[in-house]
file protein.cif (mmCIF, N, CA and C atoms)
data_data
#
loop_
_atom_site.label_atom_id
_atom_site.label_comp_id
_atom_site.auth_asym_id
_atom_site.auth_seq_id
_atom_site.Cartn_x
_atom_site.Cartn_y
_atom_site.Cartn_z
N MET A 1 64.77 13.16 -18.60
CA MET A 1 65.79 12.47 -17.83
C MET A 1 65.75 13.01 -16.40
N SER A 2 65.74 12.11 -15.46
CA SER A 2 65.68 12.51 -14.06
C SER A 2 67.04 12.98 -13.57
N ALA A 3 67.02 13.62 -12.43
CA ALA A 3 68.26 14.11 -11.82
C ALA A 3 69.20 12.94 -11.51
N ILE A 4 68.64 11.83 -11.10
CA ILE A 4 69.47 10.66 -10.79
C ILE A 4 70.15 10.13 -12.05
N GLU A 5 69.38 10.03 -13.14
CA GLU A 5 69.97 9.56 -14.39
C GLU A 5 71.04 10.53 -14.89
N SER A 6 70.81 11.82 -14.72
CA SER A 6 71.82 12.83 -15.11
C SER A 6 73.10 12.64 -14.32
N ALA A 7 72.95 12.40 -13.02
CA ALA A 7 74.13 12.20 -12.17
C ALA A 7 74.88 10.94 -12.59
N ILE A 8 74.19 9.87 -12.92
CA ILE A 8 74.84 8.63 -13.36
C ILE A 8 75.59 8.87 -14.67
N ASN A 9 74.95 9.58 -15.60
CA ASN A 9 75.61 9.89 -16.87
C ASN A 9 76.87 10.72 -16.66
N LEU A 10 76.80 11.68 -15.76
CA LEU A 10 77.97 12.51 -15.45
C LEU A 10 79.09 11.64 -14.88
N LEU A 11 78.74 10.75 -13.98
CA LEU A 11 79.76 9.87 -13.38
C LEU A 11 80.37 8.95 -14.44
N ASN A 12 79.56 8.50 -15.39
CA ASN A 12 80.08 7.63 -16.46
C ASN A 12 81.09 8.36 -17.35
N SER A 13 80.92 9.65 -17.45
CA SER A 13 81.81 10.42 -18.34
C SER A 13 83.16 10.75 -17.70
N LEU A 14 83.29 10.55 -16.39
CA LEU A 14 84.54 10.89 -15.70
C LEU A 14 85.63 9.84 -15.98
N LYS A 15 86.84 10.31 -16.18
CA LYS A 15 88.00 9.43 -16.37
C LYS A 15 88.86 9.55 -15.12
N LEU A 16 88.86 8.50 -14.30
CA LEU A 16 89.56 8.56 -13.03
C LEU A 16 90.43 7.33 -12.84
N SER A 17 91.25 7.39 -11.80
CA SER A 17 92.10 6.24 -11.45
C SER A 17 91.21 5.09 -11.01
N SER A 18 91.77 3.89 -10.94
CA SER A 18 90.99 2.71 -10.58
C SER A 18 90.42 2.81 -9.18
N VAL A 19 91.13 3.46 -8.25
CA VAL A 19 90.62 3.63 -6.88
C VAL A 19 89.42 4.55 -6.90
N LYS A 20 89.58 5.66 -7.60
CA LYS A 20 88.47 6.60 -7.70
C LYS A 20 87.31 5.98 -8.48
N GLN A 21 87.63 5.17 -9.49
CA GLN A 21 86.58 4.53 -10.29
C GLN A 21 85.76 3.58 -9.42
N ALA A 22 86.41 2.90 -8.48
CA ALA A 22 85.68 2.01 -7.58
C ALA A 22 84.69 2.81 -6.73
N GLU A 23 85.13 3.99 -6.28
CA GLU A 23 84.24 4.85 -5.50
C GLU A 23 83.08 5.35 -6.37
N ILE A 24 83.38 5.69 -7.61
CA ILE A 24 82.35 6.15 -8.54
C ILE A 24 81.36 5.03 -8.81
N ASP A 25 81.88 3.81 -9.00
CA ASP A 25 80.99 2.67 -9.25
C ASP A 25 80.06 2.43 -8.06
N LEU A 26 80.60 2.58 -6.85
CA LEU A 26 79.78 2.43 -5.65
C LEU A 26 78.70 3.52 -5.60
N LEU A 27 79.09 4.74 -5.95
CA LEU A 27 78.14 5.85 -5.98
C LEU A 27 77.04 5.59 -7.02
N LYS A 28 77.44 5.08 -8.19
CA LYS A 28 76.45 4.76 -9.23
C LYS A 28 75.49 3.67 -8.75
N THR A 29 76.03 2.69 -8.03
CA THR A 29 75.18 1.62 -7.49
C THR A 29 74.13 2.20 -6.55
N HIS A 30 74.58 3.11 -5.66
CA HIS A 30 73.65 3.73 -4.72
C HIS A 30 72.63 4.61 -5.43
N LEU A 31 73.08 5.31 -6.47
CA LEU A 31 72.15 6.14 -7.24
C LEU A 31 71.10 5.27 -7.95
N ASN A 32 71.53 4.14 -8.48
CA ASN A 32 70.58 3.24 -9.13
C ASN A 32 69.58 2.67 -8.13
N LEU A 33 70.06 2.36 -6.93
CA LEU A 33 69.16 1.89 -5.87
C LEU A 33 68.15 2.99 -5.50
N ALA A 34 68.64 4.22 -5.43
CA ALA A 34 67.76 5.35 -5.11
C ALA A 34 66.73 5.55 -6.22
N LYS A 35 67.15 5.39 -7.46
CA LYS A 35 66.24 5.53 -8.60
C LYS A 35 65.15 4.45 -8.55
N ASP A 36 65.53 3.22 -8.24
CA ASP A 36 64.57 2.12 -8.13
C ASP A 36 63.58 2.36 -6.99
N LYS A 37 64.12 2.84 -5.87
CA LYS A 37 63.26 3.13 -4.71
C LYS A 37 62.29 4.25 -5.04
N LEU A 38 62.77 5.29 -5.70
CA LEU A 38 61.92 6.41 -6.10
C LEU A 38 60.80 5.92 -7.02
N SER A 39 61.14 5.10 -7.97
CA SER A 39 60.14 4.55 -8.89
C SER A 39 59.10 3.74 -8.13
N SER A 40 59.56 2.94 -7.19
CA SER A 40 58.65 2.13 -6.37
C SER A 40 57.72 3.01 -5.54
N LEU A 41 58.29 4.05 -4.93
CA LEU A 41 57.48 4.95 -4.10
C LEU A 41 56.49 5.76 -4.95
N GLU A 42 56.88 6.15 -6.16
CA GLU A 42 55.96 6.86 -7.04
C GLU A 42 54.80 5.97 -7.42
N SER A 43 55.09 4.71 -7.69
CA SER A 43 54.04 3.74 -8.03
C SER A 43 53.10 3.52 -6.85
N GLU A 44 53.68 3.35 -5.67
CA GLU A 44 52.88 3.17 -4.45
C GLU A 44 52.02 4.40 -4.19
N ASN A 45 52.60 5.58 -4.37
CA ASN A 45 51.87 6.83 -4.15
C ASN A 45 50.68 6.92 -5.11
N SER A 46 50.90 6.56 -6.35
CA SER A 46 49.82 6.58 -7.34
C SER A 46 48.68 5.66 -6.91
N GLY A 47 49.03 4.47 -6.45
CA GLY A 47 48.02 3.53 -5.96
C GLY A 47 47.27 4.05 -4.75
N LEU A 48 48.00 4.69 -3.84
CA LEU A 48 47.36 5.24 -2.63
C LEU A 48 46.44 6.41 -2.97
N LEU A 49 46.86 7.23 -3.93
CA LEU A 49 46.00 8.34 -4.35
C LEU A 49 44.71 7.82 -4.98
N ARG A 50 44.83 6.77 -5.79
CA ARG A 50 43.65 6.15 -6.42
C ARG A 50 42.73 5.56 -5.34
N GLU A 51 43.32 4.85 -4.39
CA GLU A 51 42.54 4.26 -3.30
C GLU A 51 41.85 5.36 -2.47
N ASN A 52 42.56 6.45 -2.23
CA ASN A 52 41.99 7.57 -1.48
C ASN A 52 40.77 8.13 -2.21
N ARG A 53 40.88 8.32 -3.54
CA ARG A 53 39.75 8.81 -4.32
C ARG A 53 38.56 7.86 -4.22
N GLU A 54 38.84 6.57 -4.33
CA GLU A 54 37.76 5.58 -4.26
C GLU A 54 37.09 5.60 -2.88
N LEU A 55 37.88 5.71 -1.82
CA LEU A 55 37.32 5.77 -0.47
C LEU A 55 36.49 7.03 -0.26
N ARG A 56 36.97 8.15 -0.78
CA ARG A 56 36.20 9.41 -0.68
C ARG A 56 34.87 9.26 -1.41
N ASN A 57 34.89 8.65 -2.58
CA ASN A 57 33.65 8.43 -3.33
C ASN A 57 32.71 7.51 -2.56
N THR A 58 33.26 6.48 -1.93
CA THR A 58 32.45 5.56 -1.13
C THR A 58 31.82 6.29 0.05
N ILE A 59 32.59 7.13 0.72
CA ILE A 59 32.07 7.91 1.85
C ILE A 59 30.93 8.81 1.39
N GLU A 60 31.12 9.48 0.26
CA GLU A 60 30.07 10.36 -0.26
C GLU A 60 28.81 9.57 -0.58
N GLN A 61 28.98 8.37 -1.15
CA GLN A 61 27.82 7.55 -1.48
C GLN A 61 27.11 7.09 -0.21
N ILE A 62 27.87 6.73 0.81
CA ILE A 62 27.26 6.32 2.09
C ILE A 62 26.50 7.48 2.70
N LYS A 63 27.08 8.68 2.63
CA LYS A 63 26.38 9.86 3.15
C LYS A 63 25.07 10.07 2.41
N LYS A 64 25.10 9.93 1.07
CA LYS A 64 23.88 10.10 0.29
C LYS A 64 22.86 9.02 0.63
N ASP A 65 23.34 7.78 0.77
CA ASP A 65 22.44 6.66 1.09
C ASP A 65 21.80 6.84 2.47
N ASN A 66 22.52 7.45 3.40
CA ASN A 66 22.01 7.63 4.76
C ASN A 66 21.29 8.96 4.95
N GLN A 67 21.14 9.70 3.86
CA GLN A 67 20.50 11.01 3.94
C GLN A 67 18.98 10.88 4.11
N TYR A 68 18.43 9.76 3.67
CA TYR A 68 16.99 9.55 3.72
C TYR A 68 16.66 8.34 4.58
N LEU A 69 15.53 8.42 5.24
CA LEU A 69 15.04 7.31 6.05
C LEU A 69 13.80 6.77 5.36
N ASP A 70 13.85 5.52 4.93
CA ASP A 70 12.71 4.91 4.25
C ASP A 70 11.74 4.40 5.30
N LEU A 71 10.53 4.92 5.25
CA LEU A 71 9.50 4.54 6.22
C LEU A 71 8.47 3.58 5.63
N GLY A 72 8.73 3.09 4.46
CA GLY A 72 7.78 2.18 3.80
C GLY A 72 6.83 2.96 2.91
N ALA A 73 5.89 3.68 3.51
CA ALA A 73 4.92 4.45 2.74
C ALA A 73 5.56 5.68 2.10
N CYS A 74 6.56 6.21 2.77
CA CYS A 74 7.25 7.40 2.27
C CYS A 74 8.66 7.41 2.84
N ALA A 75 9.38 8.44 2.47
CA ALA A 75 10.72 8.64 3.03
C ALA A 75 10.76 10.03 3.65
N VAL A 76 11.70 10.23 4.55
CA VAL A 76 11.93 11.56 5.13
C VAL A 76 13.42 11.81 5.09
N LYS A 77 13.77 13.07 5.05
CA LYS A 77 15.17 13.46 5.02
C LYS A 77 15.71 13.53 6.44
N LYS A 78 16.95 13.03 6.61
CA LYS A 78 17.60 13.11 7.92
C LYS A 78 18.58 14.27 7.91
N ASN A 79 18.59 15.02 9.00
CA ASN A 79 19.58 16.08 9.18
C ASN A 79 20.89 15.47 9.67
N ASP A 80 21.95 16.24 9.61
CA ASP A 80 23.26 15.76 10.05
C ASP A 80 23.25 15.34 11.52
N ASP A 81 22.39 15.97 12.32
CA ASP A 81 22.32 15.64 13.75
C ASP A 81 21.44 14.43 14.04
N GLY A 82 20.88 13.81 12.99
CA GLY A 82 20.06 12.62 13.17
C GLY A 82 18.57 12.92 13.25
N SER A 83 18.20 14.17 13.45
CA SER A 83 16.77 14.51 13.47
C SER A 83 16.21 14.40 12.05
N ILE A 84 14.88 14.35 11.96
CA ILE A 84 14.28 14.21 10.64
C ILE A 84 13.47 15.46 10.29
N VAL A 85 13.36 15.67 9.00
CA VAL A 85 12.46 16.69 8.46
C VAL A 85 11.18 15.95 8.13
N ASP A 86 10.06 16.36 8.72
CA ASP A 86 8.85 15.55 8.59
C ASP A 86 8.05 15.80 7.31
N THR A 87 8.66 16.40 6.32
CA THR A 87 8.01 16.54 5.01
C THR A 87 8.07 15.18 4.32
N PRO A 88 6.91 14.63 3.95
CA PRO A 88 6.93 13.31 3.31
C PRO A 88 7.52 13.39 1.90
N LEU A 89 8.40 12.46 1.61
CA LEU A 89 9.05 12.38 0.31
C LEU A 89 8.71 11.07 -0.35
N CYS A 90 8.79 11.04 -1.66
CA CYS A 90 8.57 9.80 -2.40
C CYS A 90 9.63 8.78 -1.97
N ARG A 91 9.19 7.58 -1.71
CA ARG A 91 10.12 6.54 -1.25
C ARG A 91 11.06 6.08 -2.36
N ASP A 92 10.68 6.34 -3.63
CA ASP A 92 11.49 5.88 -4.76
C ASP A 92 12.49 6.93 -5.25
N CYS A 93 12.03 8.19 -5.40
CA CYS A 93 12.92 9.21 -5.99
C CYS A 93 13.24 10.35 -5.02
N HIS A 94 12.65 10.34 -3.83
CA HIS A 94 12.89 11.33 -2.77
C HIS A 94 12.45 12.75 -3.11
N ASN A 95 11.58 12.90 -4.10
CA ASN A 95 10.97 14.21 -4.37
C ASN A 95 9.85 14.43 -3.37
N PRO A 96 9.55 15.68 -3.02
CA PRO A 96 8.44 15.94 -2.09
C PRO A 96 7.12 15.47 -2.70
N PHE A 97 6.29 14.86 -1.85
CA PHE A 97 4.97 14.44 -2.28
C PHE A 97 4.08 15.66 -2.48
N ARG A 98 3.11 15.52 -3.36
CA ARG A 98 2.06 16.53 -3.54
C ARG A 98 0.84 16.03 -2.78
N ALA A 99 0.28 16.91 -1.95
CA ALA A 99 -0.91 16.53 -1.18
C ALA A 99 -2.14 16.61 -2.07
N LYS A 100 -2.91 15.54 -2.09
CA LYS A 100 -4.19 15.50 -2.80
C LYS A 100 -5.27 15.32 -1.74
N ALA A 101 -6.50 15.17 -2.16
CA ALA A 101 -7.62 15.06 -1.23
C ALA A 101 -7.43 13.92 -0.23
N ASN A 102 -7.18 12.71 -0.70
CA ASN A 102 -7.08 11.55 0.18
C ASN A 102 -5.72 10.87 0.13
N ASN A 103 -4.79 11.46 -0.62
CA ASN A 103 -3.50 10.78 -0.74
C ASN A 103 -2.39 11.78 -1.03
N TYR A 104 -1.20 11.22 -1.10
CA TYR A 104 -0.03 11.96 -1.54
C TYR A 104 0.44 11.31 -2.82
N SER A 105 0.94 12.14 -3.75
CA SER A 105 1.47 11.56 -4.99
C SER A 105 2.77 12.25 -5.36
N CYS A 106 3.57 11.53 -6.11
CA CYS A 106 4.86 12.04 -6.58
C CYS A 106 4.68 12.55 -8.01
N GLY A 107 5.01 13.79 -8.21
CA GLY A 107 4.89 14.37 -9.54
C GLY A 107 5.94 13.86 -10.51
N LYS A 108 7.01 13.28 -9.99
CA LYS A 108 8.09 12.82 -10.87
C LYS A 108 7.89 11.38 -11.32
N CYS A 109 7.65 10.48 -10.36
CA CYS A 109 7.59 9.06 -10.75
C CYS A 109 6.20 8.43 -10.60
N GLY A 110 5.23 9.20 -10.07
CA GLY A 110 3.85 8.73 -10.05
C GLY A 110 3.43 7.88 -8.86
N VAL A 111 4.28 7.69 -7.88
CA VAL A 111 3.90 6.90 -6.69
C VAL A 111 2.74 7.60 -5.98
N VAL A 112 1.74 6.81 -5.58
CA VAL A 112 0.59 7.35 -4.85
C VAL A 112 0.46 6.57 -3.55
N VAL A 113 0.31 7.31 -2.44
CA VAL A 113 0.19 6.68 -1.12
C VAL A 113 -0.93 7.41 -0.37
N SER A 114 -1.72 6.64 0.40
CA SER A 114 -2.82 7.27 1.14
C SER A 114 -2.27 8.19 2.23
N ARG A 115 -3.06 9.22 2.54
CA ARG A 115 -2.66 10.15 3.60
C ARG A 115 -2.47 9.41 4.92
N GLU A 116 -3.35 8.47 5.18
CA GLU A 116 -3.29 7.71 6.44
C GLU A 116 -1.95 6.96 6.57
N GLU A 117 -1.52 6.32 5.50
CA GLU A 117 -0.24 5.59 5.53
C GLU A 117 0.93 6.55 5.79
N VAL A 118 0.90 7.69 5.15
CA VAL A 118 1.97 8.68 5.32
C VAL A 118 1.97 9.21 6.75
N TYR A 119 0.79 9.54 7.28
CA TYR A 119 0.71 10.06 8.65
C TYR A 119 1.24 9.03 9.66
N ARG A 120 0.85 7.76 9.48
CA ARG A 120 1.33 6.70 10.39
C ARG A 120 2.84 6.55 10.30
N ALA A 121 3.37 6.59 9.08
CA ALA A 121 4.81 6.42 8.88
C ALA A 121 5.58 7.54 9.56
N ILE A 122 5.16 8.77 9.37
CA ILE A 122 5.86 9.90 9.97
C ILE A 122 5.69 9.88 11.49
N ALA A 123 4.52 9.52 11.96
CA ALA A 123 4.30 9.44 13.42
C ALA A 123 5.19 8.38 14.05
N SER A 124 5.51 7.32 13.31
CA SER A 124 6.33 6.24 13.87
C SER A 124 7.75 6.71 14.17
N VAL A 125 8.25 7.72 13.46
CA VAL A 125 9.59 8.22 13.76
C VAL A 125 9.55 9.51 14.57
N ALA A 126 8.45 10.22 14.50
CA ALA A 126 8.33 11.45 15.28
C ALA A 126 8.09 11.13 16.75
N ASN A 127 7.34 10.05 17.01
CA ASN A 127 7.03 9.63 18.38
C ASN A 127 7.35 8.14 18.52
N PRO A 128 8.61 7.80 18.58
CA PRO A 128 8.97 6.37 18.61
C PRO A 128 8.53 5.64 19.84
#

call {"tool": "encode", "arguments": {"input": "protein.cif", "output": "structure tokens"}}
result
Amino acid sequence: MSAIESAINLLNSLKLSSVKQAEIDLLKTHLNLAKDKLSSLESENSGLLRENRELRNTIEQIKKDNQYLDLGACAVKKNDDGSIVDTPLCRDCHNPFRAKANNYSCGKCGVVVSREEVYRAIASVANP
């Protein structure tokens, strides 16, 4: 039982003159209005907290999505300041490529890209 409901119950238990009873009835009316407003604000607050969580999750996802720059042949990681780390990453899973004789390959998902394609891709952002 809320404090407002307790106060209304207490007022209901009082035996007073008709003048005082009118004042008590007015007080009960205001308490009921306050209870309704409180319920409305609690509901609104719950909705706002849910929306806030969803927006925070969206922001985190956008940050993750913008963490990598897809260059076609490979991807590179972007720093917070916008600069890039020129280590070639798999364009699909963002794991570092393994250098082979004539190509780069991803040990996780198997993507294979020629060294020439990777060098051109990284040069395109290193020297725009």

call {"tool": "resolve_selection", "arguments": {"input": "protein.cif", "expression": "the PyMOL selection byres (((chain A and resi 90 and name CA) around 10) and name CA)", "output": "PyMOL selection string"}}
result
chain A and resi 70+72-76+88-89+91-98+104-113

call {"tool": "write_last_selection", "arguments": {"input": "protein.cif", "atoms": "N, CA and C atoms", "output": "mmCIF file, in the frame of the given file"}}
result
data_model
loop_
_atom_site.group_PDB
_atom_site.id
_atom_site.type_symbol
_atom_site.label_atom_id
_atom_site.label_comp_id
_atom_site.auth_asym_id
_atom_site.auth_seq_id
_atom_site.Cartn_x
_atom_site.Cartn_y
_atom_site.Cartn_z
ATOM 1 N N ASP A 70 13.850 5.520 4.930
ATOM 2 C CA ASP A 70 12.710 4.910 4.250
ATOM 3 C C ASP A 70 11.740 4.400 5.300
ATOM 4 N N GLY A 72 8.730 3.090 4.460
ATOM 5 C CA GLY A 72 7.780 2.180 3.800
ATOM 6 C C GLY A 72 6.830 2.960 2.910
ATOM 7 N N ALA A 73 5.890 3.680 3.510
ATOM 8 C CA ALA A 73 4.920 4.450 2.740
ATOM 9 C C ALA A 73 5.560 5.680 2.100
ATOM 10 N N CYS A 74 6.560 6.210 2.770
ATOM 11 C CA CYS A 74 7.250 7.400 2.270
ATOM 12 C C CYS A 74 8.660 7.410 2.840
ATOM 13 N N ALA A 75 9.380 8.440 2.470
ATOM 14 C CA ALA A 75 10.720 8.640 3.030
ATOM 15 C C ALA A 75 10.760 10.030 3.650
ATOM 16 N N VAL A 76 11.700 10.230 4.550
ATOM 17 C CA VAL A 76 11.930 11.560 5.130
ATOM 18 C C VAL A 76 13.420 11.810 5.090
ATOM 19 N N PRO A 88 6.910 14.630 3.950
ATOM 20 C CA PRO A 88 6.930 13.310 3.310
ATOM 21 C C PRO A 88 7.520 13.390 1.900
ATOM 22 N N LEU A 89 8.400 12.460 1.610
ATOM 23 C CA LEU A 89 9.050 12.380 0.310
ATOM 24 C C LEU A 89 8.710 11.070 -0.350
ATOM 25 N N ARG A 91 9.190 7.580 -1.710
ATOM 26 C CA ARG A 91 10.120 6.540 -1.250
ATOM 27 C C ARG A 91 11.060 6.080 -2.360
ATOM 28 N N ASP A 92 10.680 6.340 -3.630
ATOM 29 C CA ASP A 92 11.490 5.880 -4.760
ATOM 30 C C ASP A 92 12.490 6.930 -5.250
ATOM 31 N N CYS A 93 12.030 8.190 -5.400
ATOM 32 C CA CYS A 93 12.920 9.210 -5.990
ATOM 33 C C CYS A 93 13.240 10.350 -5.020
ATOM 34 N N HIS A 94 12.650 10.340 -3.830
ATOM 35 C CA HIS A 94 12.890 11.330 -2.770
ATOM 36 C C HIS A 94 12.450 12.750 -3.110
ATOM 37 N N ASN A 95 11.580 12.900 -4.100
ATOM 38 C CA ASN A 95 10.970 14.210 -4.370
ATOM 39 C C ASN A 95 9.850 14.430 -3.370
ATOM 40 N N PRO A 96 9.550 15.680 -3.020
ATOM 41 C CA PRO A 96 8.440 15.940 -2.090
ATOM 42 C C PRO A 96 7.120 15.470 -2.700
ATOM 43 N N PHE A 97 6.290 14.860 -1.850
ATOM 44 C CA PHE A 97 4.970 14.440 -2.280
ATOM 45 C C PHE A 97 4.080 15.660 -2.480
ATOM 46 N N ARG A 98 3.110 15.520 -3.360
ATOM 47 C CA ARG A 98 2.060 16.530 -3.540
ATOM 48 C C ARG A 98 0.840 16.030 -2.780
ATOM 49 N N TYR A 104 -1.200 11.220 -1.100
ATOM 50 C CA TYR A 104 -0.030 11.960 -1.540
ATOM 51 C C TYR A 104 0.440 11.310 -2.820
ATOM 52 N N SER A 105 0.940 12.140 -3.750
ATOM 53 C CA SER A 105 1.470 11.560 -4.990
ATOM 54 C C SER A 105 2.770 12.250 -5.360
ATOM 55 N N CYS A 106 3.570 11.530 -6.110
ATOM 56 C CA CYS A 106 4.860 12.040 -6.580
ATOM 57 C C CYS A 106 4.680 12.550 -8.010
ATOM 58 N N GLY A 107 5.010 13.790 -8.210
ATOM 59 C CA GLY A 107 4.890 14.370 -9.540
ATOM 60 C C GLY A 107 5.940 13.860 -10.510
ATOM 61 N N LYS A 108 7.010 13.280 -9.990
ATOM 62 C CA LYS A 108 8.090 12.820 -10.870
ATOM 63 C C LYS A 108 7.890 11.380 -11.320
ATOM 64 N N CYS A 109 7.650 10.480 -10.360
ATOM 65 C CA CYS A 109 7.590 9.060 -10.750
ATOM 66 C C CYS A 109 6.200 8.430 -10.600
ATOM 67 N N GLY A 110 5.230 9.200 -10.070
ATOM 68 C CA GLY A 110 3.850 8.730 -10.050
ATOM 69 C C GLY A 110 3.430 7.880 -8.860
ATOM 70 N N VAL A 111 4.280 7.690 -7.880
ATOM 71 C CA VAL A 111 3.900 6.900 -6.690
ATOM 72 C C VAL A 111 2.740 7.600 -5.980
ATOM 73 N N VAL A 112 1.740 6.810 -5.580
ATOM 74 C CA VAL A 112 0.590 7.350 -4.850
ATOM 75 C C VAL A 112 0.460 6.570 -3.550
ATOM 76 N N VAL A 113 0.310 7.310 -2.440
ATOM 77 C CA VAL A 113 0.190 6.680 -1.120
ATOM 78 C C VAL A 113 -0.930 7.410 -0.370
#

call {"tool": "resolve_selection", "arguments": {"input": "protein.cif", "expression": "the PyMOL selection byres (((chain A and resi 78 and name CA) around 12) and name CA)", "output": "PyMOL selection string"}}
result
chain A and resi 63-71+75-77+79-89+94+125-126

call {"tool": "atom_distance", "arguments": {"input": "protein.cif", "atom1": "atom CA of A:Glu5", "atom2": "atom C of A:Lys37"}}
result
13.2 Å

call {"tool": "residues_around", "arguments": {"input": "protein.cif", "residues": "stretch 23-34 of chain A", "least_positions_apart": "6", "cutoff": "7 Å", "atoms": "all atoms listed in the file", "output": "ChimeraX atom specification"}}
result
/A:4,8,11

call {"tool": "select_by_dssp", "arguments": {"input": "protein.cif", "residues": "chain A", "states": "strand (DSSP E or B)", "output": "list in words"}}
result
Tyr68, Leu69, Asp70, Ala75, Val76, Lys77, Lys78, Ile84, Val85, Asp86, Thr87, Pro88, Leu89, Pro96, Arg98, Ala99, Asn103, Tyr104, Ser105, Val112, Val113 and Ser114 of chain A
